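Let me begin by presenting the structure, written as structure tokens, before commenting on it.
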Amino acid sequence: MNNKWFDELEAKIPKGKVRTRFAPSPTGYMHVGGLRTALYAYLVAKKDNGTFILRIEDTDMARFVEGATEIIKETLNDAGLNYDEGPDIGGPVAPYTQSERLELYRPYAELLCEKGAAYYCFCEPKEEDDKDTENNFEIKDDPCRDMPYEVSKSRVDAGDPFVVRMKAPRDGETTVVDAVFGEITTPNKILDDMVLLKRDGYPTYNFANVIDDHLMGITHVMRGSEYISSAPKYNLLYEAFGWEIPVYITVSLIMRDAQNKLSKRHGDPTYNDLLDDGYLPEAVLNYVALLGWSPGGEREILSLKDMLEVFDVSGISKSPAIFDKDKLLHFNSEYIRAMSEEDFAKIAKPYICSVIKNKNISVDAVARILQARCEKLSDIPEKIDFFETLPEYDTEMFVHKKSKTDKMISRDMLISAKKVLISLTEWTSEAIHDILINTALGLEVKNATLMWPVRIATAGKAVTPGGAVEICYILGRDETLRRIDVGIEKLTDA
RNA sequence: GGCCCGUUGGUCAAGCGGUUAAGACUCCGGCCUUUCACGCCGGCAACACGAGUUCGAGUCUCGUACGGGUCACCA
């Protein structure tokens, strides 16, 4: 490659603005941690009016998953993390998918070999088995490390299979500066000669990442703390090229418990699983933002826009955070309650319709009584299935101390309720409410004494969304009266 | 095992040398009420341990313990 080729690439690099990237590998789903990294990257860029980029890191042919890129794009989309440059929309430093950038990496690897900062290695790949053998942690110099450049180059030219490895210095030390972790100094001698270019010609993550971050003009690099021990090697690479080192922003891991990180393999939910389970994207995003980052004040409910205002790298924590589903659930219910009635009805509808087929039942009315009582959308069906069909129930449910009811009283109450409801001219919540309250008054019993049996008879359940009035209203007159009759009958038998 | 990082209630966390050590989730009371919720009010509960620096340490230093990360031709 001649210098012009490199120069042209360099010339394309946008400068002067903050540029961050989310660089997932397409595994078929989105990790909760990945979403958080994407969010932070987005915030760092957008806070400064910068550019947020999506880059797909698909350099592992063995792990390719069909459709995975689409999942990533959709996720970013419905989380509101809109990227300015990416695989589908292009940009000044396209392409944004590493498998489409393959011809870029080898010349850079060769350049490093020429400079003596890397070398060709012809050793056979290590066997899977002796990789993990016991305490074999020693790093030993690669036999090809000291092969003269000309010799190795001619072998490469002759077609020998090879990998390119970085030539880490054996002395001195490297200091990494991280916006979260501060300065970390590592003796170079413990750094291994990591592979840059694989035998199949693909770059490794470590290499492609550095090349692309540079070529794409990335100014701030966020990644999980699992990469922090590789950071000195990245610095060495940047230095070998004479490139400016970006600002590292390392975020700690999200854990399932004190000793295990969140992982799909162990059955922990991915972002997509959470959505399927009835969580709202905004709620998940909000919750995840607060795992490992704090805005400092007492405010916890933050929209993406709010976060843009208050986000600061100094609020990122170094210690790992345990993912707490209870708290996520709380955020979710907060978001549900904050929605407008119409919006809630819209998202609840599919869940409502999954159990309620009866056309006489108003989906909107059901949604209204549900909104304050559901923490996630997926709890909806079991809460309202009684509207569709009256479940079998035990008459013991009519007995309620606080409402001062027993079976006898309940039967009387149902008979009274039936009498007034049957003659009700308009079937509205207000009308039902007023006539029942008046009836209780006339009977000289407390409201609950009348309401409790009516609710039990019409729902067949001890716990229901909404009270007697709402249930009667939603059920409609005919069904309400029918269910009251069923109740009276059951109580008569008992 | 080497190297690196971390440690405030069960969980998320504020705190950046002087506080009665915030707040949120969970849990437990109470109020409201036609059930359950929602809402409101209240409560339980923490600086891992040991030295040192300092008039004074959750805050600084060192050590110990515990936990995590990493040591792939995976990312």
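Ligands are numbered from 1 in the order shown, chains are lettered A, B, ... in the order of the structure tokens, and residues start at 1 in each chain.
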
**OP:** Give the alpha helix (DSSP H) residues of segment 131-238 of chain A, as assigned by DSSP on the backbone, as a PyMOL selection string.
**Re:** chain A and resi 149-157+205-215+231-238

Could you work out which residues of chain B fall inside 6 Å of chain A? Count only C-alpha atoms (C1' of nucleotides), and format the result as a short mmCIF file (atom, residue, chain, number, x, y, z; two decimals) with C-alpha atoms (C1' of nucleotides), in the first residue's frame.
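Output file iface06.cif follows:
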```
data_model
loop_
_atom_site.label_atom_id
_atom_site.label_comp_id
_atom_site.auth_asym_id
_atom_site.auth_seq_id
_atom_site.Cartn_x
_atom_site.Cartn_y
_atom_site.Cartn_z
"C1'" G B 6 -14.08 -2.41 43.60
"C1'" G B 23 -33.23 9.75 48.48
"C1'" C B 25 -36.83 0.02 45.66
"C1'" U B 34 -67.21 -0.24 47.27
"C1'" U B 35 -62.03 -5.26 47.02
"C1'" C B 36 -56.98 -4.79 45.56
"C1'" A B 37 -54.21 -1.07 44.16
"C1'" C B 38 -52.99 4.15 43.51
"C1'" G B 69 -12.47 -8.32 35.81
"C1'" U B 70 -8.58 -10.24 32.76
"C1'" C B 73 -6.64 -16.75 15.94
#
```

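DSSP on the backbone gives strand (DSSP E) for these parts of segment 124-228 of chain A: Val163, Val164, Arg165, Met166, Glu173, Thr174, Thr175, Val176, Val177, Asp178, Gly182, Glu183, Ile184, Thr185, Thr186, Pro187, Val195, Leu196, Leu197, His220, Val221, Met222, Arg223 and Gly224 of chain A.
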
With N, CA and C atoms retained, write the just-selected residues as a compact mmCIF listing (two decimals), in the first residue's frame.
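What landed in result.txt:
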```txt
# COMPACT_ATOMS: atom_id res chain seq x y z
N VAL A 163 -0.80 -15.27 11.25
CA VAL A 163 -1.58 -14.25 11.94
C VAL A 163 -0.62 -13.09 12.19
N VAL A 164 -1.18 -11.93 12.44
CA VAL A 164 -0.32 -10.80 12.82
C VAL A 164 -0.53 -10.54 14.30
N ARG A 165 0.59 -10.47 15.01
CA ARG A 165 0.51 -10.18 16.44
C ARG A 165 1.18 -8.87 16.76
N MET A 166 0.64 -8.21 17.75
CA MET A 166 1.26 -6.99 18.23
C MET A 166 2.54 -7.36 18.97
N GLU A 173 6.47 0.81 31.06
CA GLU A 173 5.09 0.64 31.49
C GLU A 173 4.17 1.57 30.70
N THR A 174 2.92 1.24 30.72
CA THR A 174 1.96 2.03 29.97
C THR A 174 0.88 2.53 30.91
N THR A 175 0.59 3.80 30.78
CA THR A 175 -0.44 4.37 31.63
C THR A 175 -1.68 4.70 30.82
N VAL A 176 -2.77 4.17 31.29
CA VAL A 176 -4.05 4.42 30.63
C VAL A 176 -4.79 5.46 31.46
N VAL A 177 -5.37 6.41 30.78
CA VAL A 177 -6.19 7.40 31.50
C VAL A 177 -7.64 7.14 31.16
N ASP A 178 -8.41 6.92 32.20
CA ASP A 178 -9.81 6.62 31.99
C ASP A 178 -10.66 7.64 32.74
N GLY A 182 -9.74 6.65 36.29
CA GLY A 182 -8.53 7.41 36.55
C GLY A 182 -7.33 6.83 35.83
N GLU A 183 -6.15 7.00 36.41
CA GLU A 183 -4.94 6.51 35.77
C GLU A 183 -4.65 5.09 36.21
N ILE A 184 -4.37 4.25 35.25
CA ILE A 184 -3.98 2.88 35.57
C ILE A 184 -2.69 2.57 34.84
N THR A 185 -1.68 2.22 35.62
CA THR A 185 -0.37 1.96 35.02
C THR A 185 -0.07 0.48 35.05
N THR A 186 0.36 -0.03 33.93
CA THR A 186 0.63 -1.46 33.82
C THR A 186 2.04 -1.67 33.27
N PRO A 187 2.81 -2.56 33.89
CA PRO A 187 4.12 -2.89 33.33
C PRO A 187 3.94 -3.60 31.98
N VAL A 195 -3.28 -11.04 19.12
CA VAL A 195 -3.46 -11.21 17.69
C VAL A 195 -4.23 -10.02 17.13
N LEU A 196 -3.76 -9.54 16.02
CA LEU A 196 -4.41 -8.41 15.36
C LEU A 196 -5.23 -8.88 14.17
N LEU A 197 -4.57 -9.74 13.40
CA LEU A 197 -5.22 -10.26 12.20
C LEU A 197 -5.26 -11.77 12.33
N HIS A 220 -14.64 9.64 22.08
CA HIS A 220 -14.88 9.08 23.40
C HIS A 220 -15.31 7.63 23.24
N VAL A 221 -14.58 6.76 23.87
CA VAL A 221 -14.85 5.33 23.72
C VAL A 221 -15.44 4.78 25.01
N MET A 222 -16.69 4.33 24.94
CA MET A 222 -17.23 3.71 26.13
C MET A 222 -17.31 2.21 25.96
N ARG A 223 -16.91 1.54 27.01
CA ARG A 223 -17.06 0.09 26.98
C ARG A 223 -17.08 -0.43 28.40
N GLY A 224 -17.43 -1.69 28.50
CA GLY A 224 -17.55 -2.33 29.80
C GLY A 224 -16.19 -2.59 30.42
```

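Atom CA of Arg145 of chain A lies 19.1 Å from atom CA of Phe241 of chain A.
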
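Put simply, atom CA of Glu382 of chain A is 17.7 Å away from atom CA of Phe344 of chain A.
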
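In this model, the gap between atom CA of Val445 of chain A and atom CA of Leu475 of chain A comes to 25.1 Å.
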
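The shell of residues at most 12 Å from A57 of chain B, with only C-alpha atoms (C1' of nucleotides) counted and near chain neighbours (fewer than 5 positions) removed, consists of G17, G18, C47 and G52 of chain B.
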
Keeping only C-alpha atoms (C1' of nucleotides), write the selected residues as a PDB file, in the first residue's frame.
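This went into part-v8.pdb:
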```
ATOM      1  C1'   G B  17     -12.181  16.102  56.151  1.00  0.00           C
ATOM      2  C1'   G B  18     -16.642  18.583  60.580  1.00  0.00           C
ATOM      3  C1'   C B  47     -20.007   3.506  56.105  1.00  0.00           C
ATOM      4  C1'   G B  52      -1.877   5.393  60.219  1.00  0.00           C
TER       5        G B  52
END
```
